[in-house]
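A.B. asks: Data: upload_35.cif, mmCIF, C-alpha atoms.
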data_query
#
loop_
_atom_site.label_atom_id
_atom_site.label_comp_id
_atom_site.auth_asym_id
_atom_site.auth_seq_id
_atom_site.Cartn_x
_atom_site.Cartn_y
_atom_site.Cartn_z
CA GLU U 597 0.18 -4.30 21.88
CA PHE U 598 1.67 -2.76 18.72
CA GLY U 599 3.31 0.10 20.62
CA ARG U 600 5.53 -2.26 22.57
CA LEU U 601 6.41 -4.25 19.45
CA GLN U 602 7.17 -1.02 17.63
CA SER U 603 9.54 0.14 20.39
CA PHE U 604 11.30 -3.22 20.37
CA MET U 605 11.71 -3.14 16.59
CA HIS U 606 13.06 0.41 16.77
CA SER U 607 15.78 -0.79 19.14
CA LEU U 608 16.77 -3.48 16.65
CA LEU U 609 16.50 -1.43 13.46
CA ALA U 610 17.98 1.93 14.45
CA PRO U 611 21.63 0.74 14.73
CA LEU U 612 21.35 -0.93 11.32
CA VAL U 613 19.62 2.00 9.64
CA SER U 614 22.45 4.30 10.73
CA ARG U 615 24.90 2.15 8.76
CA LEU U 616 22.94 2.12 5.50
CA ASP U 617 23.53 4.45 2.56
CA TRP U 618 20.47 5.34 0.47
CA SER U 619 22.45 6.13 -2.69
CA SER U 620 25.08 3.40 -2.66
CA ALA U 621 24.93 0.26 -4.80
CA CYS U 622 26.07 -1.70 -1.73
CA GLY U 623 24.46 -2.82 1.52
CA LEU U 624 25.79 -3.31 5.03
CA ASP U 625 29.57 -3.20 5.48
CA GLY U 626 30.15 -2.53 1.79
CA ASP U 627 28.69 -5.82 0.66
CA CYS U 628 27.47 -5.28 -2.93
CA GLY U 629 26.00 -8.73 -3.44
CA HIS U 630 22.39 -9.34 -4.43
CA GLN U 631 21.43 -10.67 -0.99
CA ALA U 632 22.97 -7.66 0.72
CA LEU U 633 20.91 -5.29 -1.42
CA LEU U 634 17.72 -7.23 -0.71
CA LEU U 635 18.53 -7.08 3.00
CA ARG U 636 19.08 -3.31 2.84
CA GLU U 637 15.75 -2.80 1.10
CA SER U 638 13.94 -5.03 3.62
CA LEU U 639 15.54 -3.29 6.61
CA LEU U 640 14.74 0.21 5.38
CA PHE U 641 11.19 -0.76 4.41
CA ALA U 642 10.60 -2.26 7.86
CA ALA U 643 12.13 0.76 9.56
CA ALA U 644 10.58 3.56 7.51
CA VAL U 645 7.21 2.10 6.52
CA THR U 646 6.18 -0.78 8.79
CA TYR U 647 7.52 0.36 12.18
CA GLU U 648 8.00 4.09 11.48
CA GLU U 649 11.47 4.36 12.98
CA SER U 650 12.33 8.06 13.27
CA MET U 651 15.75 8.09 11.58
CA ALA U 652 14.64 6.07 8.57
CA ARG U 653 11.48 8.14 8.12
CA ALA U 654 13.41 11.38 8.46
CA ASN U 655 15.85 10.28 5.77
CA ALA U 656 13.07 9.15 3.45
CA SER U 657 11.17 12.39 4.04
CA ALA U 658 14.26 14.47 3.33
CA HIS U 659 14.76 12.70 0.02
CA PHE U 660 11.11 13.20 -0.92
CA ASP U 661 11.26 16.90 0.02
CA ALA U 662 14.34 17.27 -2.16
CA MET U 663 12.45 15.58 -4.97
CA MET U 664 9.60 18.08 -4.55
CA ARG U 665 12.13 20.87 -5.15
CA ASP U 666 14.02 19.09 -7.93
CA GLU U 667 12.77 15.77 -9.31
CA ALA U 668 16.20 14.86 -10.63
CA SER U 669 17.47 14.52 -7.06
CA ILE U 670 15.75 11.15 -6.66
CA GLU U 671 17.90 9.66 -9.44
CA GLN U 672 21.04 11.27 -8.03
CA ASN U 673 20.61 10.49 -4.34
CA VAL U 674 18.43 7.36 -3.95
CA HIS U 675 19.24 3.91 -5.29
CA VAL U 676 16.50 2.62 -7.60
CA ASP U 677 15.67 -0.23 -5.19
CA LEU U 678 14.87 2.24 -2.41
CA ARG U 679 12.75 4.80 -4.23
CA GLY U 680 9.51 3.03 -3.37
CA ILE U 681 10.28 3.55 0.34
CA VAL U 682 10.87 7.26 -0.25
CA TYR U 683 7.64 7.51 -2.24
CA ARG U 684 5.57 5.69 0.39
CA VAL U 685 6.82 7.81 3.27
CA GLY U 686 6.45 11.02 1.28
CA ILE U 687 2.85 10.19 0.39
CA GLN U 688 2.05 9.09 3.94
CA ARG U 689 3.35 12.33 5.42
CA GLY U 690 2.26 14.64 2.64
CA GLY U 691 -0.93 16.03 1.20
CA VAL U 692 -2.33 16.93 -2.18
CA ALA U 693 0.84 18.63 -3.50
CA GLU U 694 2.97 15.56 -2.81
CA TRP U 695 0.33 13.21 -4.22
CA ASP U 696 -0.13 15.22 -7.39
CA MET U 697 3.63 15.46 -7.98
CA LEU U 698 4.04 11.69 -7.81
CA TRP U 699 0.93 11.15 -9.92
CA ALA U 700 2.40 13.42 -12.61
CA ARG U 701 5.57 11.33 -12.50
CA TYR U 702 3.49 8.18 -12.96
CA GLN U 703 1.78 9.62 -16.04
CA ARG U 704 5.01 10.77 -17.67
CA PRO U 705 5.85 8.62 -20.74
CA SER U 706 9.54 8.57 -19.81
CA THR U 707 8.85 6.86 -16.46
CA THR U 708 9.86 3.21 -16.65
CA VAL U 709 7.32 0.42 -16.26
CA SER U 710 8.98 -0.83 -13.08
CA GLU U 711 8.87 2.62 -11.50
CA LYS U 712 5.25 3.10 -12.56
CA ARG U 713 4.44 -0.10 -10.66
CA VAL U 714 6.14 1.24 -7.53
CA ILE U 715 4.40 4.61 -7.81
CA LEU U 716 1.02 2.97 -8.34
CA LEU U 717 1.29 1.22 -4.97
CA SER U 718 2.86 4.20 -3.20
CA LEU U 719 -0.01 6.52 -4.11
CA ALA U 720 -2.35 4.25 -2.12
CA GLU U 721 -0.42 5.09 1.07
CA SER U 722 -2.03 8.52 1.48
CA ARG U 723 -3.62 9.27 4.84
CA VAL U 724 -6.00 11.80 3.29
CA PRO U 725 -9.37 10.06 2.71
CA TRP U 726 -10.53 12.19 -0.21
CA LEU U 727 -7.26 11.58 -2.06
CA LEU U 728 -7.80 7.84 -1.71
CA SER U 729 -11.38 8.22 -2.93
CA ARG U 730 -10.18 10.20 -5.93
CA TYR U 731 -7.57 7.54 -6.65
CA LEU U 732 -10.24 4.84 -6.63
CA GLU U 733 -12.32 6.93 -9.03
CA TYR U 734 -9.32 7.14 -11.36
CA THR U 735 -9.57 3.37 -11.87
CA LEU U 736 -12.80 3.96 -13.81
CA ASP U 737 -10.89 5.99 -16.41
CA SER U 738 -8.63 3.83 -18.58
CA SER U 739 -6.71 6.93 -19.68
CA LYS U 740 -5.52 7.25 -16.08
CA ILE U 741 -5.23 3.66 -14.82
CA ARG U 742 -4.78 0.73 -17.20
CA SER U 743 -7.51 -1.88 -16.89
CA GLN U 744 -4.97 -4.54 -15.85
CA ASP U 745 -3.94 -2.32 -12.92
CA VAL U 746 -7.43 -1.58 -11.58
CA GLY U 747 -7.48 -4.47 -9.12
CA LYS U 748 -3.98 -3.66 -7.89
CA VAL U 749 -5.01 -0.12 -7.01
CA VAL U 750 -8.20 -1.19 -5.22
CA VAL U 751 -6.30 -3.80 -3.19
CA ALA U 752 -3.51 -1.35 -2.36
CA VAL U 753 -6.02 1.20 -1.07
CA ALA U 754 -7.78 -1.52 0.96
CA ARG U 755 -4.48 -2.42 2.68
CA ASN U 756 -4.25 1.14 3.95
CA PRO U 757 -6.17 1.31 7.27
CA ILE U 758 -7.66 4.62 6.20
CA GLY U 759 -8.69 3.17 2.85
CA GLN U 760 -10.20 -0.15 3.97
CA GLN U 761 -13.79 1.00 4.15
CA LEU U 762 -13.35 3.31 1.18
CA ALA U 763 -12.22 0.39 -0.99
CA TRP U 764 -15.13 -1.80 0.13
CA THR U 765 -17.65 0.97 -0.52
CA PHE U 766 -16.11 1.58 -3.93
CA LEU U 767 -16.11 -2.11 -4.83
CA ARG U 768 -19.79 -2.38 -3.96
CA SER U 769 -20.78 0.72 -5.92
CA GLN U 770 -18.67 -0.17 -8.97
CA PHE U 771 -18.76 -3.96 -8.72
CA THR U 772 -19.43 -4.68 -12.39
CA SER U 773 -16.75 -2.31 -13.68
CA VAL U 774 -14.07 -3.28 -11.16
CA THR U 775 -14.51 -7.03 -11.51
CA ALA U 776 -14.59 -6.82 -15.30
CA ASN U 777 -11.40 -4.76 -15.42
CA SER U 778 -9.52 -6.70 -12.75
CA GLY U 779 -10.01 -9.94 -14.69
CA SER U 780 -7.95 -12.81 -13.31
CA LEU U 781 -7.17 -10.86 -10.13
CA PHE U 782 -10.83 -11.20 -9.17
CA GLY U 783 -11.22 -14.77 -10.37
CA SER U 784 -8.12 -15.88 -8.48
CA GLY U 785 -9.48 -14.42 -5.26
CA SER U 786 -6.68 -11.86 -4.88
CA LEU U 787 -9.06 -8.91 -5.18
CA VAL U 788 -11.54 -10.44 -2.73
CA ALA U 789 -8.83 -11.28 -0.20
CA GLY U 790 -7.14 -7.90 -0.61
CA VAL U 791 -10.31 -5.93 0.06
CA LEU U 792 -11.99 -8.14 2.66
CA ASN U 793 -9.34 -9.89 4.74
CA HIS U 794 -8.53 -6.87 6.91
CA MET U 795 -12.13 -6.55 8.09
CA ALA U 796 -12.68 -7.56 11.67
CA THR U 797 -16.24 -6.94 12.87
CA VAL U 798 -19.45 -8.94 12.75
CA GLU U 799 -21.14 -5.95 11.13
CA GLN U 800 -18.62 -6.00 8.29
CA HIS U 801 -19.09 -9.74 7.90
CA ASP U 802 -22.85 -9.28 7.59
CA SER U 803 -22.39 -6.46 5.09
CA VAL U 804 -20.13 -8.60 2.89
CA ARG U 805 -22.41 -11.62 3.09
CA SER U 806 -25.48 -9.56 2.24
CA PHE U 807 -23.77 -7.96 -0.74
CA PHE U 808 -22.55 -11.20 -2.30
CA GLU U 809 -25.92 -12.86 -1.79
CA LYS U 810 -27.26 -10.23 -4.19
CA HIS U 811 -24.18 -10.15 -6.44
CA PRO U 812 -22.87 -13.67 -7.13
CA ALA U 813 -19.07 -13.84 -7.15
CA GLY U 814 -18.88 -16.52 -9.83
CA SER U 815 -15.40 -18.08 -9.96
CA ALA U 816 -14.43 -16.18 -6.81
CA ALA U 817 -17.32 -17.57 -4.72
CA ARG U 818 -15.06 -19.90 -2.74
CA HIS U 819 -12.75 -17.01 -1.96
CA VAL U 820 -15.67 -14.95 -0.70
CA GLU U 821 -16.61 -17.77 1.67
CA GLN U 822 -13.03 -17.97 2.90
CA ALA U 823 -12.96 -14.21 3.40
CA LEU U 824 -16.19 -14.35 5.42
CA GLU U 825 -14.65 -17.00 7.68
CA HIS U 826 -11.51 -14.90 8.02
CA ILE U 827 -13.49 -11.81 9.05
CA LEU U 828 -15.22 -13.80 11.82
CA ASP U 829 -11.84 -15.17 12.95
CA ASN U 830 -10.50 -11.61 13.13
CA ALA U 831 -13.53 -10.46 15.10
CA SER U 832 -13.21 -13.38 17.51
CA TRP U 833 -9.51 -12.71 18.08
CA ILE U 834 -10.15 -9.03 18.83
CA GLU U 835 -12.95 -9.87 21.25
CA ARG U 836 -10.78 -12.41 23.02
CA PHE U 837 -7.53 -10.48 23.32
CA LEU U 838 -8.24 -6.76 22.89
CA VAL U 839 -11.66 -6.08 24.33
#
For the structure just supplied, provide its representation as structure tokens.

C.D. replies:
Amino acid sequence: EFGRLQSFMHSLLAPLVSRLDWSSACGLDGDCGHQALLLRESLLFAAAVTYEESMARANASAHFDAMMRDEASIEQNVHVDLRGIVYRVGIQRGGVAEWDMLWARYQRPSTTVSEKRVILLSLAESRVPWLLSRYLEYTLDSSKIRSQDVGKVVVAVARNPIGQQLAWTFLRSQFTSVTANSGSLFGSGSLVAGVLNHMATVEQHDSVRSFFEKHPAGSAARHVEQALEHILDNASWIERFLV
């Protein structure tokens, strides 16, 4: 049961989160080494995003709210390695105003490539279905989303529980455009796995199988077969342990 795991993780993470500084160039106990910074990022991501620990989310939300009032505050108060956490939490908890602010930051020419990559994934964290649908539609416009980033956006939306079905519906309706623009991401199976592997019902399995019988996956055919097996495994696990 996730609730019990979440409570357990909160008990482990909260004491560590209280010792971490969001703006410092150092991690726990003043350690400024590379490993210490990676550990800080991992701890805060787990606390704020994965397990939704209250203190970490409150801090991330406060930084995002400050950014809504004055964008420069994110550079002043949040270390570059931690901005993605702030963005994800802000988008998860916010609505259209928060989404549009971060989208405008993504489009700004002065925004670095590395930050654009972080923003691109963070925007897929929205819990507002129509915002996710609009984001998927943006991938059809190369002036908004670069063709090489199309697959990344679709997969990121699919990883969001609220966006799973939206991403699958979008992929089916825009199959030719999405697969053409995602290029190697589709051929390597990353797009297929990203969109399909979270499915967990027999009905979803049948829907996927029926679609790809009519739309051959080409070089990704093996990955589609693996995804179909994975969906049935998920469904079997749920029936065995959760039903």

A.B. asks: Quick one: everything within 7 Å of stretch 822-825 of chain U, counting only C-alpha atoms, minus sequence neighbours fewer than 4 positions away in the same chain. Send it as a PyMOL selection string.

C.D. replies: chain U and resi 789+792-793+801+818+829

A.B. asks: Using only C-alpha atoms, what does the table of stretch 673-756 of chain U residues within 8 Å of stretch 617-631 of chain U look like, with each row giving the shortest atom pair and its distance in Å to one decimal, sorted by chain and ascending number, as a Markdown table?

C.D. replies:
| residue | atom | partner | partner_atom | distance |
| --- | --- | --- | --- | --- |
| U:Asn673 | CA | U:Ser619 | CA | 5.0 |
| U:Val674 | CA | U:Ser619 | CA | 4.4 |
| U:His675 | CA | U:Ser619 | CA | 4.7 |
| U:Leu678 | CA | U:Trp618 | CA | 7.0 |

A.B. asks: Quote the spacing between atom CA of U:Met664 and atom CA of U:Gly691 in Å to one decimal place.

C.D. replies: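 These two atoms are separated by 12.2 Å.
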
A.B. asks: In Å, how far is it from atom CA of U:Leu616 to atom CA of U:Ala643?

C.D. replies: 11.6 Å

A.B. asks: Which residues would end up in the selection if the PyMOL selection byres ((chain U and resi 606-610) around 8) were applied here, given that I need the answer as a VMD selection string?

C.D. replies: chain U and resid 602 to 605 611 to 614 639 643 647 649 651 to 652

A.B. asks: Let me make sure I understand: among U:Ala763, U:Val798, U:Ala656, U:Val746, which one has the smallest atom-to-atom distance to U:Ala644 if we use all atoms listed in the file?

C.D. replies: U:Ala656

A.B. asks: Between U:Ser778, U:Ser706, U:Thr797, U:Ser657, which is the closest to U:Trp833 once you count all atoms listed in the file?

C.D. replies: U:Thr797

A.B. asks: Can you tell me, as JSON, the centre and edge lengths (Å, one decimal) of the axis-aligned box enclosing all of stretch 678-683 of chain U's listed atoms after padding each side by 4 Å?

C.D. replies:
{"center_x": 11.3, "center_y": 4.9, "center_z": -1.9, "size_x": 15.2, "size_y": 13.3, "size_z": 12.6}

A.B. asks: For this file, the PyMOL selection byres ((chain U and resi 730-741) around 9) selects which residues, as a count of residues only?

C.D. replies: 24
